[in-house]
>>> print(open('data.cif').read())   # mmCIF, C-alpha atoms
data_my_file
loop_
_atom_site.label_atom_id
_atom_site.label_comp_id
_atom_site.auth_asym_id
_atom_site.auth_seq_id
_atom_site.Cartn_x
_atom_site.Cartn_y
_atom_site.Cartn_z
CA MET K 1 -24.62 37.45 82.48
CA SER K 2 -24.82 33.79 83.23
CA GLY K 3 -22.36 32.89 86.00
CA PRO K 4 -23.44 30.71 88.91
CA VAL K 5 -24.78 31.82 92.26
CA ASP K 6 -22.21 30.97 94.92
CA PHE K 7 -23.87 29.92 98.15
CA HIS K 8 -21.38 30.21 101.03
CA PHE K 9 -22.50 28.43 104.17
CA ASP K 10 -21.50 26.78 107.41
CA PHE K 11 -23.42 23.64 108.34
CA SER K 12 -24.01 25.15 111.78
CA SER K 13 -26.00 28.15 110.53
CA PRO K 14 -29.79 27.83 110.81
CA TYR K 15 -30.27 30.67 108.34
CA ALA K 16 -28.01 28.85 105.86
CA TYR K 17 -30.13 25.73 106.39
CA PHE K 18 -33.33 27.60 105.61
CA ALA K 19 -31.75 29.27 102.57
CA SER K 20 -30.40 25.94 101.33
CA THR K 21 -33.96 24.76 100.76
CA ARG K 22 -34.64 27.62 98.33
CA ILE K 23 -31.50 28.83 96.61
CA ASP K 24 -31.19 26.18 93.89
CA ALA K 25 -34.76 26.66 92.68
CA LEU K 26 -34.35 30.43 92.87
CA ALA K 27 -31.19 30.34 90.72
CA ALA K 28 -32.77 27.88 88.29
CA ARG K 29 -35.78 30.18 87.75
CA HIS K 30 -33.34 32.62 86.20
CA GLY K 31 -31.25 30.12 84.29
CA ARG K 32 -28.38 30.15 86.76
CA ALA K 33 -26.52 27.29 88.36
CA CYS K 34 -25.88 27.34 92.09
CA ARG K 35 -22.61 26.27 93.73
CA TRP K 36 -22.69 25.22 97.38
CA ARG K 37 -19.48 26.31 99.08
CA PRO K 38 -18.95 25.19 102.68
CA MET K 39 -16.80 27.37 104.90
CA LEU K 40 -16.12 27.84 108.59
CA LEU K 41 -17.79 30.77 110.27
CA GLY K 42 -15.23 30.97 113.08
CA PRO K 43 -12.54 32.71 110.99
CA ALA K 44 -15.18 34.93 109.34
CA PHE K 45 -16.41 36.02 112.77
CA ARG K 46 -12.87 36.70 113.94
CA ALA K 47 -12.20 38.82 110.84
CA SER K 48 -15.41 40.80 111.19
CA GLY K 49 -15.69 41.02 114.96
CA ASN K 50 -19.01 39.17 114.92
CA GLN K 51 -20.20 36.58 117.41
CA PRO K 52 -22.38 33.50 117.08
CA LEU K 53 -25.99 34.68 117.13
CA ALA K 54 -27.02 32.47 120.02
CA ASP K 55 -24.47 34.16 122.30
CA GLN K 56 -25.71 37.68 121.67
CA PRO K 57 -28.01 39.41 124.14
CA LEU K 58 -31.39 40.32 122.58
CA LYS K 59 -30.34 39.21 119.10
CA GLY K 60 -29.97 35.62 120.33
CA ALA K 61 -33.54 35.49 121.61
CA TYR K 62 -34.81 37.20 118.47
CA SER K 63 -33.03 34.66 116.29
CA ARG K 64 -34.32 31.65 118.20
CA HIS K 65 -37.87 32.93 117.79
CA ASP K 66 -37.19 33.77 114.16
CA TRP K 67 -35.94 30.27 113.30
CA ASP K 68 -39.15 28.78 114.64
CA ARG K 69 -41.35 31.15 112.70
CA LEU K 70 -39.29 30.79 109.50
CA SER K 71 -39.70 27.03 109.84
CA ARG K 72 -43.49 27.44 109.98
CA LEU K 73 -43.61 30.02 107.19
CA TRP K 74 -41.46 28.09 104.74
CA GLN K 75 -42.62 24.69 106.00
CA VAL K 76 -39.07 23.50 106.57
CA PRO K 77 -38.66 21.07 109.49
CA TYR K 78 -36.65 22.67 112.27
CA ARG K 79 -35.91 21.77 115.86
CA ALA K 80 -33.35 23.76 117.85
CA PRO K 81 -30.35 21.43 118.35
CA ASP K 82 -29.34 20.70 121.94
CA ARG K 83 -25.74 21.61 121.18
CA PHE K 84 -25.41 24.78 119.13
CA PRO K 85 -23.33 25.79 117.33
CA VAL K 86 -21.09 22.79 116.66
CA ALA K 87 -17.85 22.29 114.73
CA THR K 88 -18.55 21.54 111.09
CA GLN K 89 -15.14 20.59 109.72
CA ALA K 90 -15.96 16.89 109.36
CA ALA K 91 -19.13 17.40 107.35
CA ALA K 92 -17.55 20.16 105.26
CA ARG K 93 -14.55 18.01 104.33
CA VAL K 94 -16.77 15.10 103.28
CA PHE K 95 -18.79 17.58 101.23
CA LEU K 96 -15.64 18.83 99.47
CA TRP K 97 -14.49 15.27 98.82
CA LEU K 98 -17.83 14.46 97.17
CA ASP K 99 -17.95 17.79 95.36
CA ALA K 100 -14.66 17.14 93.59
CA ALA K 101 -16.28 14.22 91.79
CA ASP K 102 -19.95 15.15 91.59
CA GLY K 103 -21.48 18.52 92.53
CA ALA K 104 -25.03 17.15 92.64
CA ALA K 105 -24.06 14.33 94.98
CA ALA K 106 -22.31 16.83 97.24
CA LYS K 107 -25.42 19.02 97.40
CA ALA K 108 -27.61 16.03 98.23
CA PHE K 109 -25.18 15.14 101.02
CA GLY K 110 -25.17 18.75 102.20
CA ALA K 111 -28.96 18.81 102.37
CA ARG K 112 -28.80 15.57 104.36
CA VAL K 113 -26.31 17.04 106.83
CA PHE K 114 -28.42 20.17 107.35
CA ALA K 115 -31.52 18.04 108.00
CA ALA K 116 -29.64 15.70 110.32
CA TYR K 117 -28.60 18.66 112.47
CA PHE K 118 -31.54 21.01 112.30
CA ALA K 119 -34.47 18.63 111.89
CA GLU K 120 -33.19 15.53 113.69
CA GLY K 121 -30.81 16.97 116.26
CA ARG K 122 -27.95 14.62 115.36
CA PRO K 123 -24.32 15.44 116.26
CA ILE K 124 -22.95 16.48 112.87
CA ASP K 125 -19.62 17.45 114.41
CA ALA K 126 -18.79 13.72 114.70
CA ALA K 127 -16.61 12.41 111.89
CA ASP K 128 -18.36 9.06 112.14
CA LEU K 129 -21.77 10.61 111.61
CA ALA K 130 -20.55 12.47 108.52
CA ALA K 131 -19.28 9.14 107.16
CA ASP K 132 -22.54 7.39 108.10
CA LEU K 133 -24.60 9.99 106.26
CA ALA K 134 -22.42 9.65 103.17
CA ALA K 135 -22.77 5.87 103.35
CA GLU K 136 -26.57 6.18 103.67
CA MET K 137 -26.47 8.01 100.37
CA GLY K 138 -24.56 5.27 98.64
CA HIS K 139 -21.00 6.51 99.00
CA ASP K 140 -18.08 4.49 100.29
CA ARG K 141 -18.08 4.86 104.05
CA ALA K 142 -14.36 4.21 104.57
CA GLN K 143 -13.40 6.75 101.93
CA ALA K 144 -15.79 9.31 103.39
CA ARG K 145 -14.38 8.77 106.87
CA ALA K 146 -10.84 9.07 105.53
CA ALA K 147 -11.70 12.36 103.80
CA VAL K 148 -12.31 13.94 107.22
CA ASP K 149 -8.63 13.51 108.13
CA ASP K 150 -7.15 13.94 104.68
CA PRO K 151 -4.82 16.98 104.45
CA ALA K 152 -6.09 17.68 100.94
CA TRP K 153 -9.66 18.39 102.09
CA LYS K 154 -8.49 20.10 105.28
CA ASP K 155 -6.43 22.41 103.12
CA LEU K 156 -9.22 23.04 100.62
CA LEU K 157 -11.67 23.92 103.39
CA ARG K 158 -9.12 26.34 104.83
CA ARG K 159 -8.62 27.94 101.42
CA GLU K 160 -12.35 28.15 100.79
CA THR K 161 -12.82 29.87 104.14
CA ASP K 162 -9.91 32.25 103.69
CA GLY K 163 -10.98 33.03 100.14
CA ALA K 164 -14.53 33.77 101.21
CA VAL K 165 -13.38 36.09 104.00
CA ALA K 166 -10.96 37.81 101.61
CA ALA K 167 -13.91 38.38 99.27
CA GLY K 168 -15.88 40.04 102.08
CA VAL K 169 -17.94 37.14 103.40
CA PHE K 170 -18.59 37.77 107.11
CA GLY K 171 -21.60 35.57 107.82
CA ALA K 172 -23.80 32.84 106.41
CA PRO K 173 -25.62 32.35 104.25
CA PHE K 174 -23.77 34.67 101.90
CA PHE K 175 -24.55 34.66 98.19
CA VAL K 176 -22.26 36.00 95.49
CA VAL K 177 -23.44 36.40 91.92
CA ASP K 178 -21.95 38.57 89.17
CA GLY K 179 -19.50 39.83 91.80
CA GLU K 180 -22.34 41.11 94.01
CA GLY K 181 -22.60 39.87 97.59
CA PHE K 182 -25.87 39.37 99.46
CA TRP K 183 -25.91 38.41 103.10
CA GLY K 184 -28.64 36.50 104.83
CA ALA K 185 -31.63 34.27 104.23
CA ASP K 186 -33.74 37.43 104.46
CA ARG K 187 -32.00 38.72 101.33
CA LEU K 188 -33.16 35.98 98.99
CA TRP K 189 -35.70 38.46 97.60
CA MET K 190 -32.81 40.74 96.62
CA VAL K 191 -30.83 37.94 94.98
CA GLU K 192 -33.95 37.14 92.99
CA GLU K 193 -34.42 40.80 92.05
CA TRP K 194 -30.79 40.92 90.92
CA LEU K 195 -31.21 37.86 88.70
CA ALA K 196 -34.56 38.99 87.32
CA ARG K 197 -33.22 42.41 86.34
CA GLY K 198 -29.73 41.30 85.43
CA GLY K 199 -28.45 43.71 88.05
CA TRP K 200 -29.24 47.39 88.49
CA MET B 1 -56.07 41.71 114.47
CA SER B 2 -55.89 45.38 113.70
CA GLY B 3 -53.22 47.01 115.87
CA PRO B 4 -50.70 49.40 114.36
CA VAL B 5 -47.26 48.59 113.03
CA ASP B 6 -44.70 50.19 115.34
CA PHE B 7 -41.70 51.46 113.40
CA HIS B 8 -38.75 51.94 115.76
CA PHE B 9 -35.94 53.98 114.25
CA ASP B 10 -32.95 56.18 114.86
CA PHE B 11 -32.54 59.13 112.47
CA SER B 12 -28.94 58.07 111.93
CA SER B 13 -29.78 54.65 110.45
CA PRO B 14 -29.64 54.43 106.64
CA TYR B 15 -31.68 51.23 106.69
CA ALA B 16 -34.33 52.99 108.78
CA TYR B 17 -34.33 55.81 106.22
CA PHE B 18 -34.92 53.39 103.35
CA ALA B 19 -37.63 51.54 105.30
CA SER B 20 -39.31 54.83 106.22
CA THR B 21 -40.15 55.38 102.56
CA ARG B 22 -42.14 52.13 102.40
CA ILE B 23 -43.58 51.15 105.77
CA ASP B 24 -46.65 53.41 105.81
CA ALA B 25 -47.86 52.23 102.41
CA LEU B 26 -47.10 48.63 103.35
CA ALA B 27 -49.16 48.88 106.55
CA ALA B 28 -51.98 50.69 104.76
CA ARG B 29 -52.24 47.93 102.14
CA HIS B 30 -53.34 45.68 104.99
CA GLY B 31 -55.56 48.15 106.78
CA ARG B 32 -53.05 48.90 109.50
CA ALA B 33 -51.83 52.21 110.85
CA CYS B 34 -48.11 52.79 111.32
CA ARG B 35 -46.58 54.57 114.31
CA TRP B 36 -43.15 56.11 113.93
CA ARG B 37 -41.21 55.76 117.17
CA PRO B 38 -37.81 57.45 117.37
CA MET B 39 -35.23 55.95 119.70
CA LEU B 40 -31.50 56.13 120.28
CA LEU B 41 -29.44 53.23 118.96
CA GLY B 42 -26.56 53.83 121.39
CA PRO B 43 -28.31 52.23 124.39
CA ALA B 44 -29.67 49.43 122.17
CA PHE B 45 -26.15 48.67 120.95
CA ARG B 46 -24.81 48.71 124.50
CA ALA B 47 -27.52 46.28 125.62
CA SER B 48 -26.96 43.92 122.70
CA GLY B 49 -23.21 44.21 122.28
CA ASN B 50 -23.61 45.53 118.74
CA GLN B 51 -21.57 48.24 117.09
CA PRO B 52 -22.40 50.89 114.51
CA LEU B 53 -22.26 49.20 111.11
CA ALA B 54 -19.77 51.63 109.63
CA ASP B 55 -17.19 50.68 112.28
CA GLN B 56 -17.32 46.95 111.58
CA PRO B 57 -14.68 45.24 109.43
CA LEU B 58 -16.18 43.64 106.31
CA LYS B 59 -19.76 44.40 107.35
CA GLY B 60 -19.07 48.14 107.14
CA ALA B 61 -17.90 47.92 103.53
CA TYR B 62 -20.79 45.61 102.67
CA SER B 63 -23.28 48.05 104.17
CA ARG B 64 -21.88 51.08 102.37
CA HIS B 65 -22.18 49.24 99.07
CA ASP B 66 -25.63 47.99 100.03
CA TRP B 67 -26.96 51.48 100.81
CA ASP B 68 -25.94 52.66 97.36
CA ARG B 69 -27.58 49.74 95.60
CA LEU B 70 -30.73 49.93 97.73
CA SER B 71 -30.95 53.60 96.79
CA ARG B 72 -30.86 52.66 93.10
CA LEU B 73 -33.24 49.70 93.47
CA TRP B 74 -35.89 51.58 95.43
CA GLN B 75 -35.18 54.90 93.74
CA VAL B 76 -34.71 56.67 97.04
CA PRO B 77 -32.18 59.54 96.97
CA TYR B 78 -29.14 58.67 99.06
CA ARG B 79 -25.71 60.19 99.49
CA ALA B 80 -23.38 58.89 102.22
CA PRO B 81 -23.17 61.69 104.82
CA ASP B 82 -19.70 63.07 105.56
CA ARG B 83 -20.23 62.63 109.29
CA PHE B 84 -21.77 59.29 110.16
CA PRO B 85 -23.34 58.33 112.44
CA VAL B 86 -24.41 61.49 114.26
CA ALA B 87 -26.30 62.19 117.48
CA THR B 88 -30.03 62.29 116.85
CA GLN B 89 -31.43 63.52 120.16
CA ALA B 90 -32.35 66.97 118.82
CA ALA B 91 -34.35 65.72 115.86
CA ALA B 92 -35.97 62.94 117.91
CA ARG B 93 -37.15 65.35 120.61
CA VAL B 94 -38.68 67.72 118.06
CA PHE B 95 -40.38 64.70 116.52
CA LEU B 96 -41.85 63.70 119.88
CA TRP B 97 -42.99 67.25 120.55
CA LEU B 98 -44.83 67.32 117.20
CA ASP B 99 -46.13 63.78 117.63
CA ALA B 100 -47.90 64.65 120.88
CA ALA B 101 -50.14 67.02 118.95
CA ASP B 102 -50.30 65.53 115.46
CA GLY B 103 -48.90 62.16 114.38
CA ALA B 104 -49.09 62.97 110.68
CA ALA B 105 -47.17 66.22 111.13
CA ALA B 106 -44.52 64.36 113.10
CA LYS B 107 -44.11 61.78 110.33
CA ALA B 108 -43.78 64.49 107.71
CA PHE B 109 -41.11 66.12 109.85
CA GLY B 110 -39.40 62.76 110.32
CA ALA B 111 -39.30 62.17 106.58
CA ARG B 112 -37.84 65.66 106.18
CA VAL B 113 -35.09 64.92 108.74
CA PHE B 114 -34.18 61.64 107.07
CA ALA B 115 -33.93 63.34 103.67
CA ALA B 116 -31.92 66.26 105.09
CA TYR B 117 -29.35 63.83 106.44
CA PHE B 118 -29.23 61.05 103.87
CA ALA B 119 -30.07 62.89 100.65
CA GLU B 120 -28.72 66.38 101.39
CA GLY B 121 -25.89 65.69 103.84
CA ARG B 122 -27.07 68.27 106.37
CA PRO B 123 -25.96 68.15 110.03
CA ILE B 124 -29.13 66.85 111.69
CA ASP B 125 -27.39 66.61 115.05
CA ALA B 126 -27.63 70.42 115.32
CA ALA B 127 -30.56 71.62 117.43
CA ASP B 128 -30.84 74.67 115.21
CA LEU B 129 -31.23 72.57 112.08
CA ALA B 130 -33.97 70.49 113.70
CA ALA B 131 -35.77 73.74 114.54
CA ASP B 132 -35.19 75.11 111.03
CA LEU B 133 -36.68 72.00 109.44
CA ALA B 134 -39.73 72.22 111.70
CA ALA B 135 -40.12 75.90 110.81
CA GLU B 136 -39.86 75.08 107.07
CA MET B 137 -42.85 72.82 107.58
CA GLY B 138 -44.94 75.56 109.17
CA HIS B 139 -44.29 74.88 112.84
CA ASP B 140 -43.25 77.47 115.41
CA ARG B 141 -39.46 77.65 115.27
CA ALA B 142 -38.96 78.91 118.82
CA GLN B 143 -41.16 76.18 120.26
CA ALA B 144 -39.40 73.53 118.19
CA ARG B 145 -36.00 74.79 119.34
CA ALA B 146 -37.19 74.82 122.96
CA ALA B 147 -38.42 71.22 122.64
CA VAL B 148 -34.82 70.09 122.12
CA ASP B 149 -33.90 71.19 125.65
CA ASP B 150 -37.22 70.46 127.33
CA PRO B 151 -36.91 67.82 130.08
CA ALA B 152 -40.33 66.45 129.09
CA TRP B 153 -39.17 65.36 125.61
CA LYS B 154 -35.74 64.34 126.86
CA ASP B 155 -37.47 62.08 129.33
CA LEU B 156 -39.93 60.70 126.78
CA LEU B 157 -37.11 59.86 124.36
CA ARG B 158 -35.26 58.08 127.15
CA ARG B 159 -38.37 56.10 128.04
CA GLU B 160 -39.06 55.24 124.39
CA THR B 161 -35.49 53.98 124.02
CA ASP B 162 -35.53 52.02 127.27
CA GLY B 163 -38.95 50.59 126.49
CA ALA B 164 -37.86 49.49 123.02
CA VAL B 165 -34.73 47.79 124.37
CA ALA B 166 -36.77 46.13 127.12
CA ALA B 167 -39.08 44.80 124.39
CA GLY B 168 -36.11 43.28 122.56
CA VAL B 169 -35.28 46.00 120.04
CA PHE B 170 -31.52 45.82 119.31
CA GLY B 171 -31.24 47.64 115.99
CA ALA B 172 -33.09 49.79 113.49
CA PRO B 173 -35.37 49.69 111.71
CA PHE B 174 -37.29 47.35 113.98
CA PHE B 175 -40.97 46.70 113.39
CA VAL B 176 -43.38 45.36 115.98
CA VAL B 177 -46.89 44.28 115.04
CA ASP B 178 -49.24 41.97 116.94
CA GLY B 179 -46.40 41.49 119.41
CA GLU B 180 -44.07 40.13 116.70
CA GLY B 181 -40.74 41.82 116.10
CA PHE B 182 -39.06 42.10 112.70
CA TRP B 183 -35.58 43.54 112.36
CA GLY B 184 -34.24 45.27 109.31
CA ALA B 185 -35.23 46.91 106.06
CA ASP B 186 -34.59 43.55 104.42
CA ARG B 187 -37.45 42.08 106.46
CA LEU B 188 -40.20 44.26 105.03
CA TRP B 189 -41.28 41.24 102.95
CA MET B 190 -41.82 39.30 106.16
CA VAL B 191 -43.81 42.11 107.80
CA GLU B 192 -45.99 42.14 104.69
CA GLU B 193 -46.37 38.35 104.80
CA TRP B 194 -47.38 38.61 108.46
CA LEU B 195 -50.04 41.23 107.72
CA ALA B 196 -51.32 39.43 104.62
CA ARG B 197 -51.75 36.13 106.48
CA GLY B 198 -52.73 37.61 109.81
CA GLY B 199 -49.74 35.82 111.30
CA TRP B 200 -48.78 32.16 111.04
#
>>> encode(input="data.cif", output="structure tokens")
Amino acid sequence: MSGPVDFHFDFSSPYAYFASTRIDALAARHGRACRWRPMLLGPAFRASGNQPLADQPLKGAYSRHDWDRLSRLWQVPYRAPDRFPVATQAAARVFLWLDAADGAAAKAFGARVFAAYFAEGRPIDAADLAADLAAEMGHDRAQARAAVDDPAWKDLLRRETDGAVAAGVFGAPFFVVDGEGFWGADRLWMVEEWLARGGW
Amino acid sequence: MSGPVDFHFDFSSPYAYFASTRIDALAARHGRACRWRPMLLGPAFRASGNQPLADQPLKGAYSRHDWDRLSRLWQVPYRAPDRFPVATQAAARVFLWLDAADGAAAKAFGARVFAAYFAEGRPIDAADLAADLAAEMGHDRAQARAAVDDPAWKDLLRRETDGAVAAGVFGAPFFVVDGEGFWGADRLWMVEEWLARGGW
């Protein structure tokens, strides 16, 4: 089997941020491509009855501690954002606009958005910031800003989200490869096992 | 550091069952003892707002599939029980009764209970079955049966559950070592990393 690893994420998920720093290299070690697929967690949470981690008693405190220790363990810069979670439509639509032309450029932008939010504490919910980050990376700022309000990318993001939920995605990060779903940054070992064995 | 790994579990958790087949060897590889500590997930779920996995849309289906594939990957016998989850007070109290005299005997009994439920589909909520399993392992059946209704073990189980929740335990399996908590069978790699590095 040789299909890609689909990496479903929301830019507001710390675990997706941590996983984003590892999933491409992991897939590449086993000769697989990796597709980054932004979605919105809100509809996935409504479908599954889940809640944002930070709002949950006990699990919220556990997660906050866990993000700090995962940052140290994997040496990935992380600082808890002041506002969390935030809306991620703007960044996701700019990602999709870039992705339609150039998957690698979209990933580089995605990595920049994650870092802006989780390492630098910047307000990635702002359409202007999404456009600024795209411009920093050499893309046309006006086009990037326009993509945020363009019905085409709004619609694609909605379809990506609905499609992910219909396929069983209830959280992020969520990896799908060879039709198998794996939930969570703590499951990267299992994705790797799957690729190494070619399934089991 | 050289304290034990505390393994908090409920006999009705498939993920705790899978983890129970690995945690002692994992701890031993790093010169640590492992304490098995039964609890009741009901109060932990009430405190954290969680629900039994099987009842959750999307996550329930994911988990059922995941238990089957974890069984194949780790080669641990598993058959989804007809009734799930079940009350685990009886088995947990017999465990605590045994544990007061002999930790190793309690673990062996615990492993037997997990297998009876998750590999053989037996009704481990029945006080008589808990006593039968203890008797099979050479313990006094009448004493084991009496332990189920003994206020001393009822009270200890309540205190173990309350103490775990007060310490932040919201699910099972939940490992605590050197004051660090790790949730889930999919976090065994992180427990191992912690022990190998002596923390980070």
>>> interface_residues(input="data.cif", of="chain B", to="chain K", cutoff="8 Å", atoms="only C-alpha atoms", output="JSON, numbers by chain")
{"B": [47, 48, 49, 56, 57, 58, 59, 62, 69, 72, 73, 168, 169, 170, 181, 186, 187, 200]}
>>> resolve_selection(input="data.cif", expression="the PyMOL selection byres ((chain K and resi 12) around 9)", output="ChimeraX atom specification")
/K:9-11,13-14,16-17,40-41,84-88,114,117-118,124
>>> resolve_selection(input="data.cif", expression="the PyMOL selection byres ((chain B and resi 125-134) around 6)", output="ChimeraX atom specification")
/B:86-88,90-91,123-124,135-137,139,141,144-145
>>> resolve_selection(input="data.cif", expression="the PyMOL selection byres ((chain K and resi 95) around 8)", output="list in words")
Pro38, Ala91, Ala92, Arg93, Val94, Leu96, Trp97, Leu98, Asp99, Ala106, Lys107, Phe109 and Gly110 of chain K
>>> atom_distance(input="data.cif", atom1="CA of Ala27 in chain K", atom2="CA of Glu120 in chain K")
27.4 Å
>>> atom_distance(input="data.cif", atom1="CA of Ala19 in chain B", atom2="CA of Ser63 in chain B")
14.8 Å
>>> atom_distance(input="data.cif", atom1="CA of Cys34 in chain K", atom2="CA of Ser2 in chain K")
11.0 Å
>>> axis_aligned_box(input="data.cif", around="range 172-188 of chain K", padding_each_side="3 Å", output="JSON")
{"center_x": -26.6, "center_y": 36.7, "center_z": 97.8, "size_x": 20.2, "size_y": 14.8, "size_z": 23.2}
>>> closest_residue(input="data.cif", among="K:Ala100, K:Asp55, K:Ala115, K:Val76", to="Trp153 in chain K", atoms="all atoms listed in the file")
K:Ala100
>>> residues_around(input="data.cif", residues="Val177 in chain K", least_positions_apart="4", cutoff="7 Å", atoms="all atoms listed in the file", output="list in words")
Gly3, Pro4, Val5, Asp6 and Gly181 of chain K
>>> closest_residue(input="data.cif", among="K:Arg83, K:Arg22, K:Arg159, K:Arg122", to="Met39 in chain K", atoms="only C-alpha atoms")
K:Arg159
>>> closest_residue(input="data.cif", among="K:Leu156, K:Ala104, K:Ala146, K:Leu53", to="Ala172 in chain K", atoms="only C-alpha atoms")
K:Leu53
>>> build_atoms(input="data.cif", residues="range 138-145 of chain B", atoms="all heavy atoms", output="compact mmCIF listing (two decimals), in the coordinates of the input")
# COMPACT_ATOMS: atom_id res chain seq x y z
N GLY B 138 -43.81 74.78 108.67
CA GLY B 138 -44.94 75.56 109.17
C GLY B 138 -45.12 75.54 110.68
O GLY B 138 -46.10 76.09 111.20
N HIS B 139 -44.18 74.92 111.39
CA HIS B 139 -44.29 74.88 112.84
C HIS B 139 -43.55 76.06 113.45
O HIS B 139 -42.71 76.68 112.81
CB HIS B 139 -43.76 73.55 113.38
CG HIS B 139 -44.42 72.37 112.76
ND1 HIS B 139 -45.74 72.05 113.00
CD2 HIS B 139 -43.97 71.44 111.87
CE1 HIS B 139 -46.07 70.98 112.29
NE2 HIS B 139 -45.01 70.59 111.59
N ASP B 140 -43.86 76.34 114.72
CA ASP B 140 -43.25 77.47 115.41
C ASP B 140 -41.78 77.16 115.71
O ASP B 140 -41.48 76.20 116.43
CB ASP B 140 -44.02 77.74 116.70
CG ASP B 140 -43.50 78.99 117.40
OD1 ASP B 140 -42.47 78.89 118.09
OD2 ASP B 140 -44.12 80.07 117.21
N ARG B 141 -40.89 77.96 115.14
CA ARG B 141 -39.46 77.65 115.27
C ARG B 141 -38.98 77.73 116.71
O ARG B 141 -38.21 76.87 117.17
CB ARG B 141 -38.63 78.60 114.40
CG ARG B 141 -37.18 78.14 114.30
CD ARG B 141 -36.23 79.11 113.69
NE ARG B 141 -34.89 78.53 113.57
CZ ARG B 141 -34.06 78.30 114.59
NH1 ARG B 141 -34.43 78.62 115.82
NH2 ARG B 141 -32.88 77.74 114.38
N ALA B 142 -39.43 78.74 117.43
CA ALA B 142 -38.96 78.91 118.82
C ALA B 142 -39.44 77.75 119.69
O ALA B 142 -38.68 77.23 120.53
CB ALA B 142 -39.47 80.25 119.39
N GLN B 143 -40.65 77.33 119.48
CA GLN B 143 -41.16 76.18 120.26
C GLN B 143 -40.41 74.90 119.90
O GLN B 143 -40.11 74.08 120.77
CB GLN B 143 -42.65 75.99 120.00
CG GLN B 143 -43.53 77.01 120.73
CD GLN B 143 -45.03 76.71 120.56
OE1 GLN B 143 -45.42 75.61 120.15
NE2 GLN B 143 -45.86 77.68 120.89
N ALA B 144 -40.13 74.73 118.61
CA ALA B 144 -39.40 73.53 118.19
C ALA B 144 -38.01 73.54 118.82
O ALA B 144 -37.54 72.52 119.35
CB ALA B 144 -39.30 73.48 116.67
N ARG B 145 -37.35 74.69 118.77
CA ARG B 145 -36.00 74.79 119.34
C ARG B 145 -36.03 74.53 120.85
O ARG B 145 -35.12 73.88 121.39
CB ARG B 145 -35.41 76.18 119.03
CG ARG B 145 -34.00 76.42 119.57
CD ARG B 145 -33.00 75.46 118.94
NE ARG B 145 -31.68 75.55 119.57
CZ ARG B 145 -31.36 74.99 120.73
NH1 ARG B 145 -32.27 74.29 121.40
NH2 ARG B 145 -30.14 75.09 121.21
